[in-house]
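**Q** query_1.txt is reproduced in full below (compact mmCIF, C-alpha atoms).
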```
# COMPACT_ATOMS: atom_id res chain seq x y z
CA MET A 279 43.62 25.32 -0.91
CA GLU A 280 46.86 25.67 -2.83
CA ILE A 281 49.73 23.23 -2.50
CA LYS A 282 52.99 25.11 -2.82
CA THR A 283 55.27 23.31 -0.39
CA GLU A 284 55.85 19.87 1.02
CA GLN A 285 54.22 20.99 4.26
CA ASP A 286 51.10 22.13 2.40
CA MET A 287 50.86 18.66 0.87
CA ASN A 288 51.41 16.92 4.19
CA ASN A 289 48.71 19.04 5.81
CA PHE A 290 46.16 18.29 3.08
CA CYS A 291 46.86 14.55 3.13
CA GLU A 292 46.48 14.56 6.90
CA VAL A 293 43.12 16.35 6.67
CA VAL A 294 41.76 13.85 4.14
CA THR A 295 43.06 10.86 6.10
CA LYS A 296 41.51 12.12 9.32
CA ARG A 297 38.14 13.11 7.90
CA ALA A 298 37.73 10.16 5.54
CA GLU A 299 38.06 7.83 8.55
CA GLY A 300 39.22 4.93 6.41
CA VAL A 301 36.26 5.15 4.01
CA PRO A 302 37.12 5.24 0.27
CA PHE A 303 36.41 8.63 -1.30
CA GLU A 304 35.73 10.09 -4.73
CA VAL A 305 38.34 12.06 -6.68
CA ASN A 306 37.10 14.50 -9.31
CA SER A 307 38.96 16.98 -11.52
CA TYR A 308 38.03 20.14 -13.36
CA SER A 309 39.90 22.86 -15.24
CA SER A 310 39.13 26.41 -16.30
CA LEU A 311 41.67 26.46 -19.15
CA THR A 312 40.53 27.20 -22.68
CA LEU A 313 41.40 24.95 -25.60
CA ASN A 314 43.93 27.51 -26.85
CA GLN A 315 45.63 27.58 -23.47
CA GLU A 316 45.84 23.79 -23.47
CA LEU A 317 47.35 23.85 -26.97
CA ASP A 318 49.95 26.36 -25.80
CA TRP A 319 51.01 23.90 -23.10
CA ASP A 320 51.16 21.10 -25.67
CA ARG A 321 53.56 23.22 -27.74
CA VAL A 322 55.79 23.92 -24.75
CA ASN A 323 55.81 20.22 -23.88
CA GLY A 324 56.75 19.38 -27.47
CA GLY A 325 59.53 21.94 -27.34
CA MET A 326 60.98 20.37 -24.21
CA ILE A 327 60.89 16.96 -25.91
CA ALA A 328 62.69 18.42 -28.94
CA LYS A 329 65.39 19.81 -26.64
CA GLU A 330 65.63 16.40 -24.97
CA ALA A 331 64.92 18.06 -21.64
CA ILE A 332 62.22 15.42 -21.06
CA GLY A 333 61.53 11.96 -22.49
CA ALA A 334 60.20 11.51 -26.01
CA ASN A 335 56.94 10.05 -24.72
CA SER A 336 56.32 12.63 -22.02
CA HIS A 337 52.78 13.92 -21.73
CA LEU A 338 51.31 16.82 -19.79
CA GLN A 339 50.98 16.06 -16.10
CA LYS A 340 47.82 16.61 -14.07
CA GLY A 341 49.09 19.52 -12.02
CA ILE A 342 47.32 20.91 -8.97
CA LYS A 343 46.20 24.53 -9.17
CA GLY A 344 43.90 24.06 -6.19
CA ILE A 345 42.57 21.14 -4.19
CA SER A 346 39.76 20.71 -1.68
CA TRP A 347 38.02 18.14 0.49
CA THR A 348 34.29 17.98 1.11
CA LYS A 349 32.12 15.43 2.86
CA GLU A 350 28.41 15.16 2.37
CA HIS A 351 27.12 11.62 1.78
CA ILE A 352 30.63 10.45 0.92
CA GLY A 353 33.97 12.22 0.97
CA LYS A 354 35.32 13.81 -2.18
CA VAL A 355 38.60 15.38 -3.22
CA SER A 356 38.19 17.97 -5.97
CA ILE A 357 41.23 18.98 -8.02
CA ASP A 358 41.40 22.20 -10.00
CA GLU A 359 43.91 20.82 -12.45
CA THR A 360 46.43 22.61 -14.58
CA PRO A 361 48.90 21.17 -17.12
CA LEU A 362 52.51 20.87 -16.00
CA ILE A 363 55.61 19.29 -17.50
CA PHE A 364 57.43 16.20 -16.31
CA PRO A 365 59.87 17.40 -13.62
CA SER A 366 63.05 15.98 -15.10
CA LYS A 367 66.41 17.00 -13.67
CA THR A 368 66.87 19.52 -16.50
CA ILE A 369 63.50 21.15 -15.85
CA LEU A 370 64.04 21.15 -12.10
CA GLU A 371 67.31 23.01 -12.54
CA GLY A 372 66.41 25.40 -15.36
CA ARG A 373 62.69 25.94 -15.92
CA ARG A 374 60.89 25.63 -12.62
CA ASP A 375 58.14 27.86 -14.03
CA LEU A 376 56.97 24.84 -16.04
CA ILE A 377 56.55 22.56 -13.05
CA GLY A 378 54.64 22.49 -9.79
CA PRO A 379 52.57 20.24 -7.53
CA MET A 380 51.09 17.33 -9.44
CA THR A 381 49.17 14.13 -8.87
CA GLY A 382 50.10 10.46 -8.93
CA VAL A 383 48.52 7.04 -8.45
CA LEU A 384 49.43 3.88 -6.59
CA VAL A 385 47.75 0.68 -7.75
CA ASN A 386 47.08 -2.43 -5.68
CA CYS A 387 45.64 -5.64 -7.14
CA TYR A 388 44.15 -8.76 -5.49
CA ASP A 389 43.19 -12.14 -6.91
CA PRO A 390 40.07 -13.44 -5.08
CA LEU A 391 40.65 -17.00 -6.35
CA THR A 392 44.30 -17.51 -5.39
CA LYS A 393 44.05 -14.91 -2.59
CA ASN A 394 47.33 -13.35 -3.70
CA VAL A 395 48.36 -9.68 -3.90
CA LEU A 396 50.47 -8.32 -6.77
CA PHE A 397 53.85 -6.60 -6.32
CA GLN A 398 56.69 -5.70 -8.64
CA MET A 399 60.46 -5.57 -8.33
CA ARG A 400 62.48 -3.03 -10.26
CA GLY A 401 65.83 -1.25 -10.36
CA SER A 402 68.18 0.64 -12.65
CA SER A 403 71.19 -1.59 -11.96
CA ILE A 404 71.32 -5.37 -11.68
CA ASP A 405 74.44 -4.98 -9.54
CA ALA A 406 72.47 -3.30 -6.75
CA PRO A 407 69.50 -4.48 -4.67
CA PHE A 408 66.20 -3.95 -6.49
CA GLY A 409 63.41 -1.97 -4.90
CA PHE A 410 59.75 -2.87 -4.73
CA GLN A 411 56.44 -1.29 -5.68
CA ALA A 412 52.82 -2.37 -5.53
CA ALA A 413 51.12 -3.67 -8.69
CA ALA A 414 51.66 -0.38 -10.57
CA ALA A 415 52.23 3.33 -10.10
CA GLY A 416 52.29 6.43 -12.26
CA MET A 417 51.83 10.16 -12.63
CA GLY A 418 48.50 11.80 -13.27
CA THR A 419 47.74 12.76 -16.88
CA TYR A 420 46.22 16.17 -17.59
CA GLY A 421 42.57 15.83 -18.58
CA GLN A 422 42.29 12.23 -17.37
CA GLU A 423 40.54 11.11 -14.19
CA LEU A 424 42.90 9.44 -11.73
CA GLY A 425 40.87 6.24 -11.47
CA LEU A 426 41.26 5.74 -15.22
CA THR A 427 44.97 6.54 -14.99
CA ALA A 428 45.33 3.85 -12.34
CA GLY A 429 43.68 1.23 -14.55
CA LEU A 430 45.81 2.16 -17.54
CA GLU A 431 48.97 1.90 -15.42
CA LEU A 432 47.93 -1.60 -14.35
CA LEU A 433 47.41 -2.54 -18.00
CA GLU A 434 50.74 -1.04 -19.08
CA GLU A 435 52.94 -2.30 -16.27
CA ALA A 436 51.39 -5.70 -15.52
CA SER A 437 49.65 -6.45 -18.86
CA LEU A 438 46.38 -7.14 -17.05
CA GLU A 439 43.44 -6.67 -19.42
CA ASN A 440 40.47 -8.02 -17.46
CA TYR A 441 40.90 -6.13 -14.22
CA ARG A 442 37.95 -4.99 -12.17
CA GLN A 443 38.11 -1.73 -10.28
CA LEU A 444 37.11 -2.23 -6.65
CA LEU A 445 35.18 0.05 -4.30
CA ARG A 446 33.30 1.72 -7.19
CA GLY A 447 36.51 3.30 -8.38
CA ARG A 448 36.98 5.36 -5.25
CA ALA A 449 40.40 6.14 -3.82
CA ILE A 450 41.47 4.22 -0.74
CA ASP A 451 43.86 6.84 0.56
CA ILE A 452 46.08 9.81 -0.30
CA LEU A 453 49.76 9.72 0.64
CA PRO A 454 52.43 12.46 0.48
CA PHE A 455 55.41 12.06 -1.84
CA MET A 456 58.09 14.37 -3.28
CA LYS A 457 58.81 13.70 -6.97
CA GLY A 458 62.51 14.32 -7.57
CA GLY A 459 63.47 14.12 -3.91
CA ALA A 460 63.61 16.87 -1.32
CA ASP A 461 64.27 19.55 -3.99
CA GLY A 462 61.57 18.23 -6.29
CA VAL A 463 57.84 18.94 -6.37
CA PRO A 464 54.96 17.78 -4.14
CA GLN A 465 53.07 14.83 -5.60
CA PRO A 466 50.28 13.45 -3.42
CA LEU A 467 49.60 9.86 -4.44
CA PHE A 468 46.07 8.45 -4.60
CA SER A 469 45.74 4.68 -4.02
CA PHE A 470 43.22 2.60 -5.99
CA GLY A 471 42.31 -1.08 -5.70
CA PHE A 472 41.66 -3.68 -8.41
CA SER A 473 41.07 -7.40 -8.75
CA ASP A 474 42.11 -9.78 -11.53
CA ASP A 475 43.43 -13.26 -12.27
CA LEU A 476 47.04 -13.22 -11.05
CA SER A 477 47.77 -16.92 -11.50
CA ARG A 478 50.30 -16.23 -14.28
CA PHE A 479 52.68 -14.56 -11.80
CA GLU A 480 55.10 -16.45 -9.57
CA ALA A 481 54.00 -16.64 -5.93
CA CYS A 482 56.60 -15.79 -3.28
CA ARG A 483 55.65 -16.90 0.23
CA SER A 484 58.66 -15.56 2.16
CA LEU A 485 61.56 -13.10 1.99
CA ASP A 486 63.81 -15.99 1.02
CA GLU A 487 61.60 -16.83 -1.97
CA ILE A 488 61.57 -13.14 -2.99
CA ALA A 489 65.40 -13.08 -2.75
CA THR A 490 65.54 -16.16 -4.99
CA PHE A 491 63.15 -14.52 -7.46
CA GLU A 492 65.33 -11.39 -7.48
CA GLU A 493 68.57 -13.31 -8.09
CA ARG A 494 67.00 -15.47 -10.80
CA THR A 495 65.67 -12.34 -12.51
CA LYS A 496 69.08 -10.65 -12.42
CA THR A 497 70.77 -13.79 -13.76
CA GLY A 498 68.31 -13.89 -16.64
CA LEU A 499 69.02 -10.23 -17.40
CA ARG A 500 72.79 -10.72 -17.28
CA GLU A 501 72.63 -13.68 -19.64
CA GLY A 502 70.19 -12.01 -21.99
CA ILE A 503 67.56 -14.68 -21.42
CA LEU A 504 65.08 -12.32 -19.79
CA PRO A 505 64.04 -9.13 -21.64
CA GLU A 506 64.39 -5.84 -19.81
CA ARG A 507 61.10 -4.53 -18.46
CA GLU A 508 60.00 -1.65 -16.29
CA GLY A 509 59.19 -4.07 -13.49
CA TYR A 510 59.14 -7.79 -12.72
CA HIS A 511 55.91 -8.87 -11.10
CA PHE A 512 55.27 -11.53 -8.49
CA THR A 513 52.53 -12.22 -5.95
CA VAL A 514 52.42 -12.66 -2.20
CA PRO A 515 49.70 -14.67 -0.41
CA TYR A 516 47.20 -12.38 1.29
CA ASP A 517 47.86 -13.85 4.73
CA GLN A 518 51.61 -13.18 4.37
CA VAL A 519 51.47 -9.66 2.91
CA GLU A 520 51.52 -7.69 6.15
CA THR A 521 54.50 -9.64 7.51
CA ILE A 522 56.53 -9.59 4.29
CA ALA A 523 55.74 -5.97 3.45
CA GLY A 524 56.65 -4.93 6.98
CA LYS A 525 60.03 -6.66 6.76
CA LEU A 526 60.79 -5.18 3.33
CA ASN A 527 59.93 -1.76 4.72
CA GLU A 528 62.47 -2.24 7.50
CA GLN A 529 65.37 -3.27 5.25
CA GLY A 530 68.07 -0.71 4.59
CA GLU A 531 68.13 2.95 5.57
CA HIS A 532 64.92 3.84 3.75
CA GLY A 533 63.38 0.40 3.29
CA ARG A 534 63.14 -1.29 -0.08
CA PHE A 535 59.90 0.29 -1.26
CA TYR A 536 59.75 3.15 -3.78
CA GLY A 537 57.72 5.78 -1.95
CA PRO A 538 54.88 5.12 0.50
CA ILE A 539 54.11 1.63 -0.83
CA HIS A 540 53.97 0.07 2.64
CA GLU A 541 51.27 2.48 3.79
CA SER A 542 49.31 2.03 0.56
CA THR A 543 49.49 -1.77 0.87
CA THR A 544 48.41 -1.71 4.51
CA ASN A 545 45.41 0.49 3.72
CA PHE A 546 44.47 -1.72 0.75
CA LEU A 547 44.45 -4.80 2.97
CA ARG A 548 42.29 -2.95 5.48
CA ALA A 549 39.82 -2.00 2.73
CA LEU A 550 39.65 -5.60 1.52
CA ARG A 551 38.74 -6.70 5.04
CA ASP A 552 36.36 -3.85 5.79
CA TYR A 553 34.33 -4.47 2.63
CA SER A 554 34.42 -8.29 2.83
CA LEU A 555 36.43 -8.67 -0.38
CA VAL A 556 38.66 -11.46 0.97
```
Can I see the file as structure tokens?
**A**
Amino acid sequence: MEIKTEQDMNNFCEVVTKRAEGVPFEVNSYSSLTLNQELDWDRVNGGMIAKEAIGANSHLQKGIKGISWTKEHIGKVSIDETPLIFPSKTILEGRRDLIGPMTGVLVNCYDPLTKNVLFQMRGSSIDAPFGFQAAAAGMGTYGQELGLTAGLELLEEASLENYRQLLRGRAIDILPFMKGGADGVPQPLFSFGFSDDLSRFEACRSLDEIATFEERTKTGLREGILPEREGYHFTVPYDQVETIAGKLNEQGEHGRFYGPIHESTTNFLRALRDYSLV
């Protein structure tokens, strides 16, 4: 099927969720573009960078030309991918022909020794409450399988080098998300699970300890003691994750998670239990 609207995306995610029945599924990609066509897209992307319409490090996104679900021995999502350009505000307003539905990943990580789960705190202003994500997240890269993208995001955002991909690299779920808000583009997010040694990260066992971690981080940033990073990671004990994540999800008008992190976390915990990984 084609994903053209938010409703199309919602419908597809609902189909996969219902038919997968909580069982991790494969995600495969293919493309019918020629090398010359791909090079043409690279040139357009470079031109947008030169115009400063998108960031200097922007790469081609794994766009969705078509997407399907099949189930034989195990469920599989197949993506007919097409290159698209990062949907910055400039592109959204002026060159919508260069954008469209695209993919993304959500990354969860568990430490089997400490029995902690990794989260990160992030925000654009230290004068406002920070929001929270799972271990890592990112947009799909054209020509790159989403499971690999998920691992690379974990390496980049959390500096984890010895991670192990769980569940044979299969996706745990697919969740709807609109990149750029209601007027943006559909971006279904595929969740993947990993394990690694998380003992280097501070453990927060309650909302109060998370609030202390947030204030200490902001103080360090204000005083120039702590370097600015994309996110500031901490862990939560496995047996406290559901309670703490639920309370964070209830805070404020839209909760304190960026996107469907609560759902992704809940499904990750379920997968850990179902496959005796805890």
**Q** What separation in Å, quoted to one decimal, exists between CA of Val305 (chain A) and CA of Ala449 (chain A)?
**A**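 Atom-to-atom, CA of Val305 (chain A) to CA of Ala449 (chain A), that is 6.9 Å.
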**Q** Which residue gives the smallest distance to Ala549 (chain A) among A:Ser310, A:Ser469, A:Thr360, A:Thr419, with all atoms listed in the file counted?
**A**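 Among A:Ser310, A:Ser469, A:Thr360, A:Thr419, it is A:Ser469 that comes nearest to Ala549 (chain A).
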**Q** Find the residues around Glu508 (chain A) up to 10 Å (all atoms listed in the file counted), leave out those fewer than 5 positions away in its own chain, and share them as a PyMOL selection string.
**A** chain A and resi 398-402+434-436
**Q** List the neighbours of Met456 (chain A) out to 10 Å using all atoms listed in the file; skip same-chain residues closer than 2 positions along the sequence, and give me the result as JSON, numbers by chain.
**A** {"A": [283, 284, 287, 379, 380, 454, 458, 459, 460, 461, 462, 463, 464, 465, 466, 467, 537]}
**Q** Counting all atoms listed in the file, figure out which residue out of A:Glu292, A:Glu431, A:Glu492, A:Glu330 gets nearest to Phe410 (chain A).
**A**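 Result for the nearest residue to Phe410 (chain A): A:Glu492.
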**Q** One decimal, in Å: what's the spacing between CA of Ala523 (chain A) and CA of Ala428 (chain A)?
**A**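 Going from CA of Ala523 (chain A) over to CA of Ala428 (chain A), I get 21.3 Å.
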**Q** Given only C-alpha atoms as the basis, pick out the residue of A:Leu485, A:Leu362, A:Leu444, A:Leu547 nearest to Gln339 (chain A).
**A**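 So, comparing all the options, the nearest one is A:Leu362.
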**Q** Identify which of the residues A:Phe303, A:Phe472, A:Phe546, A:Phe397 lies closest to Glu439 (chain A), counting all atoms listed in the file when measuring atom-to-atom distances.
**A**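 Among the listed residues, A:Phe472 lies closest to Glu439 (chain A).
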**Q** How many Å separate CA of Phe470 (chain A) from CA of Val385 (chain A)?
**A**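 These two atoms are separated by 5.2 Å.
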**Q** Pick out the residues sitting within 8 Å of Met279 (chain A), and hand them over as a PyMOL selection string; count all atoms listed in the file, and ignore anything fewer than 4 positions along from it in its own chain.
**A** chain A and resi 344-346
**Q** Of the candidates A:Val293, A:Leu317, A:Leu453, A:Leu476, which shows the shortest atom-to-atom distance to Leu391 (chain A), using all atoms listed in the file?
**A** A:Leu476
**Q** Quick one: residues within 12 Å of Asp451 (chain A), only C-alpha atoms, excluding same-chain residues fewer than 4 positions away - as a ChimeraX atom specification?
**A** /A:290-305,353-355,382-386,466-471,538-539,541-549
**Q** With all atoms listed in the file as the basis for distance, which of A:Tyr553, A:Trp319, A:Tyr510, A:Tyr536 is at the shortest distance from Ala415 (chain A)?
**A**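 Among A:Tyr553, A:Trp319, A:Tyr510, A:Tyr536, it is A:Tyr536 that comes nearest to Ala415 (chain A).
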**Q** Residues within 12 Å of (63.3, 4.1, 1.3), file coordinates, counting all atoms listed in the file: what are they? Give the list as a PDB file with C-alpha atoms, in the frame of the given file.
**A**
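What follows is the written file point_38.pdb:
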```pdb
ATOM      1  CA  PHE A 408      66.200  -3.950  -6.490  1.00  0.00           C
ATOM      2  CA  GLY A 409      63.410  -1.970  -4.900  1.00  0.00           C
ATOM      3  CA  PHE A 410      59.750  -2.870  -4.730  1.00  0.00           C
ATOM      4  CA  GLN A 411      56.440  -1.290  -5.680  1.00  0.00           C
ATOM      5  CA  PHE A 455      55.410  12.060  -1.840  1.00  0.00           C
ATOM      6  CA  GLY A 459      63.470  14.120  -3.910  1.00  0.00           C
ATOM      7  CA  LEU A 526      60.790  -5.180   3.330  1.00  0.00           C
ATOM      8  CA  ASN A 527      59.930  -1.760   4.720  1.00  0.00           C
ATOM      9  CA  GLU A 528      62.470  -2.240   7.500  1.00  0.00           C
ATOM     10  CA  GLN A 529      65.370  -3.270   5.250  1.00  0.00           C
ATOM     11  CA  GLY A 530      68.070  -0.710   4.590  1.00  0.00           C
ATOM     12  CA  GLU A 531      68.130   2.950   5.570  1.00  0.00           C
ATOM     13  CA  HIS A 532      64.920   3.840   3.750  1.00  0.00           C
ATOM     14  CA  GLY A 533      63.380   0.400   3.290  1.00  0.00           C
ATOM     15  CA  ARG A 534      63.140  -1.290  -0.080  1.00  0.00           C
ATOM     16  CA  PHE A 535      59.900   0.290  -1.260  1.00  0.00           C
ATOM     17  CA  TYR A 536      59.750   3.150  -3.780  1.00  0.00           C
ATOM     18  CA  GLY A 537      57.720   5.780  -1.950  1.00  0.00           C
ATOM     19  CA  PRO A 538      54.880   5.120   0.500  1.00  0.00           C
ATOM     20  CA  ILE A 539      54.110   1.630  -0.830  1.00  0.00           C
ATOM     21  CA  HIS A 540      53.970   0.070   2.640  1.00  0.00           C
TER      22      HIS A 540
END
```
**Q** Using all atoms listed in the file - which residues lie no farther than 12 Å from the point (63.3, 13.1, -23.0) in the file's frame? Write them as a list of chain:residue names.
**A**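 It turns out the residues near that spot are A:Asn323, A:Gly324, A:Gly325, A:Met326, A:Ile327, A:Ala328, A:Lys329, A:Glu330, A:Ala331, A:Ile332, A:Gly333, A:Ala334, A:Asn335, A:Ser336, A:His337, A:Ile363, A:Phe364, A:Pro365, A:Ser366, A:Lys367, A:Thr368, A:Ile369.
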